[in-house]
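J.: Let me give you the structure first, and then I'll get to my questions.
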Amino acid sequence: MERRIATRLGDGSFIELTPSEIEADLVAGSEMGAKRSKAPVLGDDEIAHLLDIFASEAKFSAVDLGDEVVLSFDGCGNADAGTPVSDLIIYQNHHGADSVELWHHDYSYKAVKTVLSFETQAMKDAQMMVVAPLNYGAMPDLGRYSMPDGPVPNWSELLPLGRIAEARASQVEAGVYATRDMVHVADAMVEAGADGLDFDTSGAAGDGDLLATLNAVRQIRAAWPEAGIEVGMAGECVLGMHGELEFEGRRLAGMWPKDQLAAATAAGATIFGPAVNVNTTKSVAWNVARACTIVKPCMAAATIPVHMNAGMGVGGVPMSAYPPTDATARVSRALVDILKLDGL
Amino acid sequence: MASTHALASGMGGMRTAGDLVARMQITRGMRLTQAKEYVAGKLGCSLRDLADPVAMHDIRGELGLGRIPVQDLTYANEPGGLEAKFRIAAVLGVPINSVERFRRRAGIDG
């Protein structure tokens, strides 16, 4: 009789599976990822390697010596001890962060614009003490520009009413404002000494959100040739909330990571972060196999570093308040081993 | 979660050469292998040394690239913070934004 191994579901809860069941999950996860994204399934050797990782009973798992990657952290700290600047020092000195990010609680470029003078002062002060590359990060957050929080009609309300043309026009208008705000914040942060900018959860509000970000990246690249620019995605497939928006002649709606990477690279990004959402009812093994399948086409095509998002609820890391170490370590190692990532 | 990733797959930040490799990725868009080879070349060390805190403790000290204090192991008389970034910019041969702006605003030539 096969041994039963304690493993996790995507919501972080424990489940016991036999090695055969884990292997079946790995195959099924890869097949699901391939079906949705039209990418090839993982090979037998890759499934076997993932099975070694997920069928282990060890609490911890790690990459081989020499295979370590760069960790670019977004939103460093919990803001529950000390100041935002001390959070950065803690991440640099105590968490082994290879790069760190200054951030505001209201993690949105629209919100940051209203407290920009304070954020730039913090960036300047932090740059005196921090040695690791220090970026400034926030979300494009296109929805923030729609009523009642913003000036444009709310497309999420217009779409169900069938007012498609108006909904599309709203998204385009919101995108102009969002791009302007992202560029405004970026300019100020570079002047304050930032090493780069991070646009986290790009595409969260769909293709309009991603387009606003790409337009901002292009302008920032033109203005600041030396700045680092990281584009981190919100999800695996760009939602077509508008449906017809294009960047450099390619429609954004329906893009999977490989095409998202191409768009970010063309805009001038220096790091691209694909995101694959976790299915909380499936095992972590299933989720990781699916994530690897969806992202793998990026790696051969990439000309800039790919730092896959492996935070709470993405990349296979369980969607739970305290992602368990056993699951997170396995995800960390699995993504690096299979995808040969440039970072996480 | 952050610590788990750092232990499972991270280079180790300032304990090693992780921040240096990261800098080549962020500001130069170098892929991981290229960034590691570049940094190893500039530091005069092996690729294995890049993620080895024992080797990098000495290398960072010799080159003034900044080291993390640990309890009574402190480095008050060595480059740290922005000082270390001046050294990093020189050793890696890349401009660092905060260094350039400090230089300009402090009226330091060269």
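Chain lettering (A, B, ...) mirrors the order of the structure tokens, residue numbering begins at 1 for each chain separately, and ligand numbering begins at 1 in order of display.
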Please list as JSON, numbers by chain every residue within 12 Å of Asn77 of chain B, counting only C-alpha atoms and excluding residues in the same chain fewer than 2 positions away.
T.: {"B": [61, 64, 66, 67, 69, 73, 74, 75, 79, 80, 83, 84]}
J.: What does the file look like for those residues with C-alpha atoms, as an mmCIF file, in the first residue's frame?
T.:
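Here's the written file result-v9.cif:
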```
data_model
loop_
_atom_site.group_PDB
_atom_site.id
_atom_site.type_symbol
_atom_site.label_atom_id
_atom_site.label_comp_id
_atom_site.auth_asym_id
_atom_site.auth_seq_id
_atom_site.Cartn_x
_atom_site.Cartn_y
_atom_site.Cartn_z
ATOM 1 C CA GLY B 61 35.081 43.642 2.825
ATOM 2 C CA GLY B 64 34.208 48.000 0.315
ATOM 3 C CA GLY B 66 29.058 46.966 2.305
ATOM 4 C CA ARG B 67 28.479 44.222 4.859
ATOM 5 C CA PRO B 69 26.361 43.908 10.868
ATOM 6 C CA LEU B 73 30.263 42.009 14.344
ATOM 7 C CA THR B 74 30.010 45.603 13.120
ATOM 8 C CA TYR B 75 31.610 47.570 10.313
ATOM 9 C CA PRO B 79 31.757 51.741 3.561
ATOM 10 C CA GLY B 80 28.087 51.246 4.244
ATOM 11 C CA GLU B 83 29.200 54.949 0.743
ATOM 12 C CA ALA B 84 29.041 51.308 -0.309
#
```
J.: How close does each residue of chain A get to chain B, giving the shortest atom pair and distance in Å to one decimal for every residue with an atom at most 7 Å away, counting only C-alpha atoms, sorted by chain and residue number, as CSV?
T.:
```
residue,atom,partner,partner_atom,distance
A:Ser61,CA,B:Ala8,CA,6.3
A:Ala62,CA,B:Ala8,CA,4.1
A:Val63,CA,B:Ser9,CA,5.5
A:Gly66,CA,B:Arg48,CA,5.9
A:Glu68,CA,B:Met11,CA,5.0
A:Val69,CA,B:Gly10,CA,5.2
A:Val70,CA,B:Gly10,CA,5.8
A:Leu71,CA,B:Gly10,CA,5.8
A:Gln92,CA,B:Gly13,CA,6.7
A:Asn93,CA,B:Ile68,CA,6.0
A:His95,CA,B:Ser3,CA,5.3
A:Gly96,CA,B:Gly13,CA,4.6
A:Ala97,CA,B:Gly13,CA,4.9
A:Asp98,CA,B:Gly13,CA,4.0
A:Ser99,CA,B:Asp19,CA,6.0
A:Gln127,CA,B:Ser98,CA,6.4
A:Met128,CA,B:Leu82,CA,4.9
A:Met129,CA,B:Gly81,CA,4.1
A:Val130,CA,B:Gly81,CA,5.2
A:Val131,CA,B:Gly81,CA,5.0
A:Ala132,CA,B:Asp19,CA,5.0
A:Pro133,CA,B:Arg23,CA,5.8
A:Gly193,CA,B:Ser98,CA,4.3
A:Ala194,CA,B:Asn97,CA,6.6
A:Asp195,CA,B:Asn97,CA,6.0
A:Glu226,CA,B:Thr27,CA,6.2
A:Ala227,CA,B:Thr27,CA,5.9
A:Gly228,CA,B:Thr27,CA,4.5
A:Thr270,CA,B:Gly29,CA,4.5
A:Ile271,CA,B:Ile26,CA,6.4
A:Ile304,CA,B:Gly29,CA,5.1
A:Pro305,CA,B:Arg31,CA,4.7
A:Pro323,CA,B:Met1,CA,6.1
A:Thr325,CA,B:Thr4,CA,6.1
A:Thr328,CA,B:Thr4,CA,6.6
A:Ala329,CA,B:Ala8,CA,5.5
A:Ser332,CA,B:His5,CA,5.9
A:Arg333,CA,B:Ser9,CA,6.1
A:Asp342,CA,B:Leu32,CA,4.7
```
J.: Find the residues near segment 46-54 of chain A: any atom within 7 Å, counting only C-alpha atoms, skip ones fewer than 3 places away on the same chain, and give them as an NGL selection string.
T.: :A and (22-23 or 26 or 42-43 or 285 or 330 or 334 or 338)
J.: Please return as a ChimeraX atom specification: the residues of segment 101-158 of chain A that backbone DSSP assigns to helix (DSSP H, G or I).
T.: /A:109-114,116-129,142-145,155-158
J.: Go ahead and dump the residues you just picked, C-alpha atoms, as a PDB file, in the first residue's frame.
T.:
```pdb
ATOM      1  CA  TYR A 109      -0.202  55.215  -8.136  1.00  0.00           C
ATOM      2  CA  LYS A 110      -3.323  57.387  -8.014  1.00  0.00           C
ATOM      3  CA  ALA A 111      -3.241  57.394  -4.214  1.00  0.00           C
ATOM      4  CA  VAL A 112       0.527  57.832  -4.016  1.00  0.00           C
ATOM      5  CA  LYS A 113       0.270  60.974  -6.116  1.00  0.00           C
ATOM      6  CA  THR A 114      -1.566  62.657  -3.240  1.00  0.00           C
ATOM      7  CA  LEU A 116       4.075  62.056  -3.190  1.00  0.00           C
ATOM      8  CA  SER A 117       6.175  64.587  -1.333  1.00  0.00           C
ATOM      9  CA  PHE A 118       6.286  62.334   1.731  1.00  0.00           C
ATOM     10  CA  GLU A 119       7.049  59.243  -0.331  1.00  0.00           C
ATOM     11  CA  THR A 120       9.889  60.915  -2.216  1.00  0.00           C
ATOM     12  CA  GLN A 121      11.413  62.140   1.041  1.00  0.00           C
ATOM     13  CA  ALA A 122      11.272  58.589   2.366  1.00  0.00           C
ATOM     14  CA  MET A 123      12.940  57.354  -0.821  1.00  0.00           C
ATOM     15  CA  LYS A 124      15.720  59.908  -0.520  1.00  0.00           C
ATOM     16  CA  ASP A 125      16.285  59.069   3.142  1.00  0.00           C
ATOM     17  CA  ALA A 126      16.221  55.340   2.443  1.00  0.00           C
ATOM     18  CA  GLN A 127      18.750  55.615  -0.364  1.00  0.00           C
ATOM     19  CA  MET A 128      21.259  56.948   2.168  1.00  0.00           C
ATOM     20  CA  MET A 129      21.100  53.740   4.183  1.00  0.00           C
ATOM     21  CA  LEU A 142      -7.227  51.525 -13.325  1.00  0.00           C
ATOM     22  CA  GLY A 143     -10.492  50.930 -11.483  1.00  0.00           C
ATOM     23  CA  ARG A 144      -9.576  53.720  -9.087  1.00  0.00           C
ATOM     24  CA  TYR A 145     -10.264  56.208 -11.898  1.00  0.00           C
ATOM     25  CA  TRP A 155     -17.372  50.638 -17.005  1.00  0.00           C
ATOM     26  CA  SER A 156     -18.183  47.736 -14.696  1.00  0.00           C
ATOM     27  CA  GLU A 157     -21.664  49.239 -14.368  1.00  0.00           C
ATOM     28  CA  LEU A 158     -21.999  50.150 -18.039  1.00  0.00           C
TER      29      LEU A 158
END
```
